[in-house]
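What follows is work.csv (CSV, C-alpha atoms and all ligand atoms).
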chain,number,residue,atom,x,y,z
A,1,MET,CA,155.3,154.9,-8.2
A,2,SER,CA,158.7,153.6,-9.2
A,3,THR,CA,162.0,154.8,-7.7
A,4,ASN,CA,164.1,152.7,-10.0
A,5,HIS,CA,165.2,155.3,-12.4
A,6,THR,CA,168.0,156.6,-10.3
A,7,LYS,CA,169.2,153.2,-9.2
A,8,SER,CA,169.9,151.7,-12.6
A,9,ALA,CA,173.6,152.4,-12.4
A,10,ASN,CA,173.8,150.2,-9.4
A,11,ARG,CA,172.1,147.2,-10.9
A,12,ALA,CA,175.2,145.2,-11.6
A,13,GLY,CA,174.9,143.0,-8.5
A,14,ALA,CA,171.8,141.0,-8.9
A,15,ASP,CA,169.4,140.3,-6.0
A,16,GLU,CA,170.6,143.4,-4.1
A,17,PRO,CA,168.2,144.4,-1.3
A,18,THR,CA,168.1,148.1,-2.3
A,19,SER,CA,164.8,148.9,-0.6
A,20,GLY,CA,165.5,147.9,3.0
A,21,ALA,CA,162.1,146.3,3.2
A,22,LEU,CA,161.8,143.0,5.1
A,23,LEU,CA,159.0,141.8,2.9
A,24,GLU,CA,158.1,143.2,-0.5
A,25,LEU,CA,155.3,142.2,-2.9
A,26,LYS,CA,155.6,143.7,-6.4
A,27,LYS,CA,152.6,143.5,-8.7
A,28,VAL,CA,151.5,140.2,-7.3
A,29,SER,CA,148.5,138.5,-8.9
A,30,LYS,CA,146.8,135.1,-8.4
A,31,ILE,CA,144.2,133.8,-10.7
A,32,PHE,CA,142.1,130.7,-9.8
A,33,GLY,CA,140.6,129.4,-13.0
A,34,GLY,CA,138.8,132.5,-14.2
A,35,LEU,CA,138.7,134.2,-10.9
A,36,VAL,CA,141.2,137.0,-10.2
A,37,ALA,CA,141.7,136.6,-6.4
A,38,VAL,CA,144.6,139.0,-6.1
A,39,GLN,CA,145.5,141.6,-8.7
A,40,ASP,CA,148.7,143.6,-9.0
A,41,VAL,CA,149.2,144.0,-5.3
A,42,ASP,CA,152.2,146.0,-4.1
A,43,LEU,CA,153.1,145.8,-0.4
A,44,ARG,CA,156.2,146.5,1.6
A,45,ILE,CA,156.8,145.9,5.2
A,46,ASN,CA,159.8,147.4,6.9
A,47,PRO,CA,161.5,145.7,9.8
A,48,GLY,CA,159.7,146.2,13.1
A,49,GLU,CA,156.5,147.4,11.5
A,50,ILE,CA,153.0,146.2,12.3
A,51,ILE,CA,151.0,146.3,9.0
A,52,SER,CA,147.4,145.4,8.6
A,53,VAL,CA,145.5,144.2,5.6
A,54,ILE,CA,141.8,144.7,5.8
A,55,GLY,CA,139.0,144.3,3.3
A,56,PRO,CA,135.6,142.6,2.9
A,57,ASN,CA,135.2,138.8,2.8
A,58,GLY,CA,136.6,137.4,-0.4
A,59,ALA,CA,138.8,140.4,-1.0
A,60,GLY,CA,141.9,138.2,-1.3
A,61,LYS,CA,143.5,138.7,2.1
A,62,THR,CA,144.1,135.1,3.0
A,63,THR,CA,145.2,134.4,-0.6
A,64,VAL,CA,148.0,137.0,-0.1
A,65,PHE,CA,149.1,135.1,3.0
A,66,ASN,CA,149.0,131.8,1.0
A,67,LEU,CA,151.1,133.4,-1.7
A,68,ILE,CA,153.7,134.8,0.7
A,69,THR,CA,154.0,131.4,2.6
A,70,GLY,CA,154.4,129.3,-0.5
A,71,ILE,CA,151.0,127.5,-0.3
A,72,TYR,CA,150.2,129.1,-3.7
A,73,ARG,CA,152.6,130.4,-6.3
A,74,PRO,CA,151.8,133.8,-7.8
A,75,THR,CA,150.4,133.8,-11.3
A,76,SER,CA,152.6,136.8,-11.8
A,77,GLY,CA,154.6,139.2,-9.7
A,78,GLU,CA,157.5,139.0,-7.2
A,79,ILE,CA,157.7,138.4,-3.5
A,80,SER,CA,160.9,138.8,-1.7
A,81,LEU,CA,162.1,138.6,1.9
A,82,GLY,CA,165.2,140.7,2.7
A,83,GLY,CA,165.7,141.3,-1.0
A,84,LYS,CA,165.6,137.5,-1.9
A,85,SER,CA,162.8,136.0,-3.8
A,86,VAL,CA,160.7,133.4,-2.0
A,87,VAL,CA,158.6,132.6,-5.1
A,88,GLY,CA,158.7,128.9,-5.8
A,89,LEU,CA,159.7,127.8,-2.3
A,90,ASN,CA,157.4,125.4,-0.5
A,91,PRO,CA,155.9,126.4,2.9
A,92,ASP,CA,158.6,124.6,4.9
A,93,GLN,CA,161.3,126.4,3.0
A,94,VAL,CA,159.5,129.8,3.5
A,95,LEU,CA,159.3,129.0,7.2
A,96,VAL,CA,163.0,128.3,7.4
A,97,ARG,CA,163.6,131.6,5.7
A,98,GLY,CA,161.8,133.3,8.6
A,99,ILE,CA,158.2,133.7,7.8
A,100,ALA,CA,155.7,132.0,10.2
A,101,ARG,CA,152.0,132.3,10.2
A,102,THR,CA,148.7,131.4,11.9
A,103,PHE,CA,145.5,130.5,10.1
A,104,GLN,CA,142.1,132.1,9.9
A,105,ASN,CA,140.7,128.8,11.1
A,106,ILE,CA,143.0,127.7,13.8
A,107,ARG,CA,145.2,124.7,12.7
A,108,LEU,CA,146.4,122.8,15.7
A,109,PHE,CA,146.5,119.1,16.4
A,110,ASN,CA,143.5,118.9,18.7
A,111,ASN,CA,144.4,115.4,19.9
A,112,MET,CA,147.8,116.5,21.0
A,113,THR,CA,148.8,118.5,24.1
A,114,VAL,CA,149.7,122.2,24.2
A,115,MET,CA,153.3,121.2,24.7
A,116,GLU,CA,153.3,118.8,21.8
A,117,ASN,CA,151.8,121.3,19.5
A,118,VAL,CA,154.5,123.9,20.3
A,119,LEU,CA,157.2,121.1,19.9
A,120,VAL,CA,155.9,120.4,16.4
A,121,GLY,CA,156.4,124.1,15.6
A,122,GLN,CA,160.1,123.6,16.3
A,123,HIS,CA,160.7,120.8,13.8
A,124,THR,CA,162.5,123.1,11.4
A,125,GLN,CA,164.9,123.9,14.2
A,126,LEU,CA,165.8,120.4,15.4
A,127,LYS,CA,168.9,118.7,14.3
A,128,ALA,CA,168.4,115.2,15.5
A,129,SER,CA,168.1,112.6,12.8
A,130,VAL,CA,165.3,110.0,12.7
A,131,LEU,CA,167.7,107.3,13.5
A,132,GLY,CA,169.0,109.2,16.5
A,133,SER,CA,165.4,109.7,17.6
A,134,LEU,CA,164.8,105.9,17.4
A,135,PHE,CA,167.7,105.1,19.7
A,136,LEU,CA,167.2,108.1,22.0
A,137,THR,CA,170.8,109.0,22.2
A,138,LYS,CA,172.1,111.4,24.7
A,139,ALA,CA,172.2,114.1,22.2
A,140,VAL,CA,168.6,113.6,21.2
A,141,LYS,CA,167.5,113.6,24.8
A,142,ARG,CA,169.4,116.8,25.4
A,143,GLU,CA,167.9,118.4,22.3
A,144,GLU,CA,164.4,117.3,23.4
A,145,ALA,CA,164.9,118.8,26.9
A,146,GLU,CA,166.0,122.0,25.4
A,147,ALA,CA,163.1,122.1,23.0
A,148,ARG,CA,160.7,121.6,25.9
A,149,GLU,CA,162.3,124.4,27.8
A,150,ARG,CA,162.0,126.7,24.9
A,151,ALA,CA,158.4,125.7,24.3
A,152,LEU,CA,157.7,126.6,27.9
A,153,GLU,CA,159.4,129.9,27.4
A,154,LEU,CA,157.2,130.6,24.4
A,155,LEU,CA,154.0,129.6,26.3
A,156,SER,CA,155.0,131.9,29.2
A,157,PHE,CA,155.0,134.8,26.8
A,158,PHE,CA,151.2,134.6,27.3
A,159,GLY,CA,151.4,134.4,31.1
A,160,GLN,CA,151.3,131.4,33.4
A,161,ALA,CA,147.9,130.0,32.2
A,162,LEU,CA,149.3,128.1,29.2
A,163,VAL,CA,152.3,126.9,31.1
A,164,ASP,CA,150.0,125.4,33.7
A,165,ARG,CA,148.0,123.7,31.0
A,166,GLN,CA,150.9,122.5,28.9
A,167,ASP,CA,149.8,118.8,29.2
A,168,GLU,CA,146.2,119.6,28.4
A,169,TYR,CA,144.8,118.4,25.1
A,170,VAL,CA,144.3,121.4,22.8
A,171,ILE,CA,140.7,120.4,22.2
A,172,ASN,CA,139.9,121.2,25.9
A,173,LEU,CA,141.2,124.8,25.6
A,174,SER,CA,139.1,127.9,25.0
A,175,TYR,CA,139.1,129.4,21.6
A,176,ALA,CA,141.2,132.3,22.7
A,177,GLU,CA,143.7,130.0,24.4
A,178,ARG,CA,144.0,128.0,21.2
A,179,ARG,CA,144.8,131.1,19.3
A,180,ARG,CA,147.7,131.8,21.7
A,181,VAL,CA,149.0,128.2,21.4
A,182,GLU,CA,149.0,128.6,17.6
A,183,ILE,CA,151.1,131.8,17.9
A,184,ALA,CA,153.4,130.0,20.3
A,185,ARG,CA,153.8,127.3,17.8
A,186,ALA,CA,154.5,129.8,15.0
A,187,LEU,CA,157.2,131.5,17.2
A,188,ALA,CA,158.8,128.1,17.8
A,189,ALA,CA,160.2,128.4,14.2
A,190,LYS,CA,162.1,131.6,15.2
A,191,PRO,CA,160.6,133.7,12.5
A,192,SER,CA,161.5,137.3,11.8
A,193,LEU,CA,158.1,138.0,10.2
A,194,LEU,CA,154.9,136.7,11.6
A,195,LEU,CA,151.6,136.6,9.6
A,196,LEU,CA,148.5,136.6,11.7
A,197,ASP,CA,145.2,135.8,9.8
A,198,GLU,CA,142.3,137.2,11.8
A,199,PRO,CA,143.9,136.5,15.2
A,200,THR,CA,140.8,137.9,17.1
A,201,ALA,CA,138.1,136.1,15.1
A,202,GLY,CA,135.7,134.5,17.4
A,203,MET,CA,136.9,136.3,20.5
A,204,ASN,CA,134.9,138.4,22.9
A,205,GLU,CA,135.8,142.0,23.7
A,206,ALA,CA,138.1,141.2,26.7
A,207,GLU,CA,139.9,138.5,24.7
A,208,THR,CA,140.3,140.8,21.8
A,209,LEU,CA,141.8,143.6,24.0
A,210,ASP,CA,144.2,141.0,25.4
A,211,ALA,CA,145.1,139.9,21.9
A,212,VAL,CA,145.8,143.5,20.8
A,213,LYS,CA,148.2,143.8,23.8
A,214,TYR,CA,150.2,140.6,22.9
A,215,VAL,CA,150.4,141.5,19.2
A,216,ARG,CA,152.0,144.7,20.2
A,217,ARG,CA,154.3,142.9,22.6
A,218,LEU,CA,155.3,140.4,19.9
A,219,ARG,CA,156.8,143.4,18.1
A,220,ASP,CA,158.1,145.4,21.1
A,221,GLU,CA,159.5,142.6,23.2
A,222,LEU,CA,160.4,139.9,20.6
A,223,GLY,CA,161.4,142.3,17.8
A,224,LEU,CA,159.1,140.6,15.3
A,225,THR,CA,157.7,142.3,12.2
A,226,ILE,CA,154.0,141.6,11.9
A,227,LEU,CA,151.6,141.4,9.0
A,228,LEU,CA,148.0,141.2,10.3
A,229,ILE,CA,144.8,140.4,8.6
A,230,GLU,CA,142.0,141.8,10.7
A,231,HIS,CA,138.3,142.4,10.6
A,232,LYS,CA,137.8,144.4,13.7
A,233,LEU,CA,138.6,148.0,13.0
A,234,THR,CA,139.3,148.8,16.6
A,235,VAL,CA,142.1,146.3,16.5
A,236,THR,CA,143.8,147.5,13.4
A,237,MET,CA,143.4,151.2,14.1
A,238,GLY,CA,145.0,150.8,17.5
A,239,ILE,CA,148.1,148.8,16.6
A,240,SER,CA,148.9,149.3,12.9
A,241,ASP,CA,151.7,151.5,11.6
A,242,ARG,CA,150.0,151.3,8.2
A,243,ILE,CA,146.9,149.7,6.8
A,244,ALA,CA,146.4,148.3,3.3
A,245,VAL,CA,142.9,147.9,2.1
A,246,LEU,CA,142.0,145.1,-0.4
A,247,ASP,CA,138.8,145.0,-2.4
A,248,TYR,CA,138.1,142.4,-5.1
A,249,GLY,CA,141.8,141.5,-5.1
A,250,ARG,CA,143.1,145.0,-5.6
A,251,LYS,CA,144.7,147.3,-3.1
A,252,ILE,CA,142.4,150.3,-3.1
A,253,ALA,CA,144.1,152.3,-0.4
A,254,GLU,CA,147.1,152.3,2.0
A,255,GLY,CA,148.1,154.7,4.7
A,256,LEU,CA,148.1,155.6,8.3
A,257,PRO,CA,145.1,154.3,10.2
A,258,GLU,CA,143.5,157.7,10.4
A,259,GLU,CA,144.0,158.2,6.6
A,260,VAL,CA,142.5,154.9,5.8
A,261,ARG,CA,139.6,155.5,8.1
A,262,ARG,CA,138.7,158.7,6.3
A,263,ASP,CA,139.3,157.4,2.8
A,264,GLU,CA,136.0,157.6,0.8
A,265,ARG,CA,136.8,154.5,-1.3
A,266,VAL,CA,137.5,152.5,1.9
A,267,ILE,CA,134.3,153.7,3.5
A,268,ALA,CA,132.4,152.8,0.4
A,269,ALA,CA,134.0,149.4,-0.2
A,270,TYR,CA,134.5,148.1,3.3
A,271,LEU,CA,133.4,150.1,6.2
A,272,GLY,CA,130.0,150.7,4.8
A,273,LYS,CA,127.2,152.4,6.7
A,274,ALA,CA,127.9,150.9,10.1
A,275,ALA,CA,131.4,152.3,10.2
A,276,LYS,CA,130.3,155.7,9.0
A,277,THR,CA,127.9,155.9,11.9
A,278,GLU,CA,130.7,154.7,14.2
A,279,GLN,CA,133.0,157.4,12.9
A,280,GLU,CA,130.4,160.1,13.3
A,281,ALA,CA,129.7,159.0,16.8
A,282,ALA,CA,133.4,159.2,17.6
A,283,GLU,CA,133.6,162.8,16.3
B,301,LIG,N1,142.1,127.6,-3.8
B,301,LIG,C1,141.2,128.4,-4.3
B,301,LIG,N2,140.5,128.1,-5.4
B,301,LIG,C2,139.6,128.9,-6.0
B,301,LIG,N3,139.3,130.1,-5.5
B,301,LIG,C3,139.9,130.5,-4.4
B,301,LIG,C4,140.9,129.7,-3.7
B,301,LIG,N4,141.3,130.3,-2.6
B,301,LIG,C5,140.6,131.5,-2.6
B,301,LIG,N5,139.8,131.6,-3.6
B,301,LIG,C6,138.9,132.7,-3.9
B,301,LIG,O1,139.6,133.9,-3.9
B,301,LIG,C7,138.9,135.0,-3.4
B,301,LIG,C8,139.6,135.5,-2.3
B,301,LIG,O2,139.6,134.7,-1.2
B,301,LIG,P1,140.3,134.9,0.2
B,301,LIG,O3,141.7,135.2,-0.1
B,301,LIG,O4,140.1,133.8,1.1
B,301,LIG,O5,139.6,136.2,0.8
B,301,LIG,P2,139.6,136.9,2.2
B,301,LIG,O6,140.6,136.2,3.0
B,301,LIG,O7,139.9,138.3,1.9
B,301,LIG,O8,138.2,136.7,2.7
B,301,LIG,C9,137.5,134.4,-3.0
B,301,LIG,O9,136.7,134.7,-4.1
B,301,LIG,C10,137.8,132.9,-2.9
B,301,LIG,O10,136.6,132.2,-3.1
B,302,MG,MG,140.5,135.2,4.8
What is this file in structure tokens?
Amino acid sequence: MSTNHTKSANRAGADEPTSGALLELKKVSKIFGGLVAVQDVDLRINPGEIISVIGPNGAGKTTVFNLITGIYRPTSGEISLGGKSVVGLNPDQVLVRGIARTFQNIRLFNNMTVMENVLVGQHTQLKASVLGSLFLTKAVKREEAEARERALELLSFFGQALVDRQDEYVINLSYAERRRVEIARALAAKPSLLLLDEPTAGMNEAETLDAVKYVRRLRDELGLTILLIEHKLTVTMGISDRIAVLDYGRKIAEGLPEEVRRDERVIAAYLGKAAKTEQEAAE
């Protein structure tokens, strides 16, 4: 539904953030060859919200993240952050604008330490020039010390365990720990919006519960706005302000967790028999 009709008198100033949304997708599509991966998707995320995108494998969820973060350019449609278009920016530029992400398959430098990985995440923040780095000037040393301190602060968000393991190679960490390091690295870029692509994939139940807690804390304590792709319904139902459901690239439903859970199209497309049984058991 469009609300533009009453606003047209105000349209003189271009690029005005009239909606108040932090992130807004308008009729975004992505076609790969002949395959429509994402079709006419509208999505808005208000500051401070936790929004989940769910849907079966291949529904287009990760592609939506890749479109938002500048890995792909939409075939059509508009994506804006704080009312300003991010279409055409490259991933580094999108990161500087304030959108950081994690990946469905964790992307860390396995042959680097926990600390080094988080330091890499700060590269958009550092001012020191390459030449300065070569000569290790006082300013560079100070900046590095500050960067390390900040990295430790970020790691301590997840408790003492990662602080204690800061010099450990990432490859020696558990899967759940690596997920946390990846989030710490994303936070190092000081984003306003954090995109998490299946942050509990591969985790056991205890680790998943832990992840749910820190996702909520990312919003409550750090003031982040969060867009989450998640497969586990227990996770999305518990923490989402709203849930959008994708199926074959289209958004087939959006609403409060309870609404989405009861939506017939969602049950048919995504939840399937298993979820129906789960729902009946809960009632
Ligand atoms: N770079 C690409 N080239 C061609 N097809 C792609 C590419 N990326 C994704 N797709 C296709 O787009 C569809 C959506 O994929 P994806 O966004 O990864 O789904 P999801 O994350 O919901 O599982 C799939 O059919 C996938 O094969
Ligand atoms: Mg995916």
Worksheet item: Which is closest to ligand LIG 301 (chain B) among A:Gly121, A:Gly249, A:Gly82, A:Pro191, if we use only C-alpha atoms and all ligand atoms?
Response: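 The shortest atom-to-atom distance to ligand LIG 301 (chain B) comes from A:Gly249.
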Worksheet entry | Selected residue of minimal separation from ligand LIG 301 (chain B) among A:Ala244, A:Leu81, A:Leu187, A:Ile229, counting only C-alpha atoms and all ligand atoms | A:Ile229
Practice prompt. Determine, counting all atoms listed in the file, every residue of protein, DNA or RNA that lies within 10 Å of (143.2, 116.4, 23.1) in the file coordinates, then give the result as a PyMOL selection string.
Written response: chain A and resi 109-114+167-173
Could you list, with a cut-off of 8 Å and counting all atoms listed in the file, the residues of chain A near ligand LIG 301 (chain B), each shown with its nearest atom pair and the distance in Å rounded to one decimal, rows sorted by chain and ascending number, as a Markdown table?
| residue | atom | partner | partner_atom | distance |
| --- | --- | --- | --- | --- |
| A:Phe32 | CA | B:LIG301 | C2 | 4.9 |
| A:Gly33 | CA | B:LIG301 | C2 | 7.1 |
| A:Leu35 | CA | B:LIG301 | N3 | 6.8 |
| A:Val36 | CA | B:LIG301 | O1 | 7.2 |
| A:Ala37 | CA | B:LIG301 | O1 | 4.2 |
| A:Val38 | CA | B:LIG301 | C8 | 7.2 |
| A:Ile54 | CA | B:LIG301 | O7 | 7.7 |
| A:Gly55 | CA | B:LIG301 | O7 | 6.2 |
| A:Pro56 | CA | B:LIG301 | O7 | 6.2 |
| A:Asn57 | CA | B:LIG301 | O8 | 3.7 |
| A:Gly58 | CA | B:LIG301 | O5 | 3.4 |
| A:Ala59 | CA | B:LIG301 | O7 | 3.7 |
| A:Gly60 | CA | B:LIG301 | O3 | 3.2 |
| A:Lys61 | CA | B:LIG301 | O7 | 3.6 |
| A:Thr62 | CA | B:LIG301 | O6 | 3.7 |
| A:Thr63 | CA | B:LIG301 | O3 | 3.6 |
| A:Val64 | CA | B:LIG301 | O3 | 6.6 |
| A:Leu246 | CA | B:LIG301 | O7 | 7.5 |
| A:Tyr248 | CA | B:LIG301 | C8 | 7.6 |
| A:Gly249 | CA | B:LIG301 | C8 | 7.0 |
Worksheet entry | Selection as a list in words: residues within 9 Å of (135.9, 131.3, 17.7), counting all atoms listed in the file |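 Within 9 Å of (135.9, 131.3, 17.7), the protein and nucleic acid residues are Asn105, Ile106, Ser174, Tyr175, Ala176, Thr200, Ala201, Gly202, Met203 and Asn204 of chain A.
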Discussion item. Considering all atoms listed in the file, can you say which of A:His231, A:Arg217, A:Arg178, A:Lys141 comes closest to ligand MG 302 (chain B)?
Written reply: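 Among A:His231, A:Arg217, A:Arg178, A:Lys141, it is A:His231 that comes nearest to ligand MG 302 (chain B).
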Worksheet entry | Closest of A:Arg142, A:Lys27, A:Arg101, A:Arg261 to Ala186 in chain A - atom-to-atom distances counting only C-alpha atoms |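 Checking each candidate against Ala186 in chain A, we get A:Arg101 as the closest.
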Saved range 167-179 of chain A from the preceding structure, N, CA and C atoms, as an mmCIF file, in the first residue's frame:
data_model
loop_
_atom_site.group_PDB
_atom_site.id
_atom_site.type_symbol
_atom_site.label_atom_id
_atom_site.label_comp_id
_atom_site.auth_asym_id
_atom_site.auth_seq_id
_atom_site.Cartn_x
_atom_site.Cartn_y
_atom_site.Cartn_z
ATOM 1 N N ASP A 167 44.521 -14.347 21.644
ATOM 2 C CA ASP A 167 45.693 -14.684 20.831
ATOM 3 C C ASP A 167 45.606 -16.073 20.207
ATOM 4 N N GLU A 168 44.464 -16.697 20.368
ATOM 5 C CA GLU A 168 44.244 -18.026 19.782
ATOM 6 C C GLU A 168 43.935 -17.885 18.288
ATOM 7 N N TYR A 169 44.442 -18.823 17.502
ATOM 8 C CA TYR A 169 44.049 -18.817 16.095
ATOM 9 C C TYR A 169 42.576 -19.201 15.982
ATOM 10 N N VAL A 170 41.885 -18.515 15.114
ATOM 11 C CA VAL A 170 40.445 -18.715 14.973
ATOM 12 C C VAL A 170 40.101 -20.165 14.654
ATOM 13 N N ILE A 171 40.979 -20.809 13.924
ATOM 14 C CA ILE A 171 40.710 -22.186 13.512
ATOM 15 C C ILE A 171 40.577 -23.130 14.709
ATOM 16 N N ASN A 172 41.163 -22.738 15.850
ATOM 17 C CA ASN A 172 41.094 -23.569 17.056
ATOM 18 C C ASN A 172 39.851 -23.322 17.902
ATOM 19 N N LEU A 173 39.018 -22.411 17.482
ATOM 20 C CA LEU A 173 37.825 -22.098 18.267
ATOM 21 C C LEU A 173 36.666 -23.018 17.884
ATOM 22 N N SER A 174 35.707 -23.117 18.787
ATOM 23 C CA SER A 174 34.492 -23.847 18.452
ATOM 24 C C SER A 174 33.689 -23.022 17.447
ATOM 25 N N TYR A 175 32.756 -23.688 16.817
ATOM 26 C CA TYR A 175 31.910 -23.042 15.831
ATOM 27 C C TYR A 175 31.164 -21.848 16.448
ATOM 28 N N ALA A 176 30.598 -22.077 17.629
ATOM 29 C CA ALA A 176 29.834 -21.008 18.289
ATOM 30 C C ALA A 176 30.741 -19.819 18.617
ATOM 31 N N GLU A 177 31.958 -20.119 19.048
ATOM 32 C CA GLU A 177 32.902 -19.034 19.355
ATOM 33 C C GLU A 177 33.254 -18.237 18.103
ATOM 34 N N ARG A 178 33.406 -18.953 16.991
ATOM 35 C CA ARG A 178 33.733 -18.258 15.741
ATOM 36 C C ARG A 178 32.604 -17.322 15.319
ATOM 37 N N ARG A 179 31.381 -17.777 15.544
ATOM 38 C CA ARG A 179 30.231 -16.922 15.230
ATOM 39 C C ARG A 179 30.318 -15.624 16.045
#
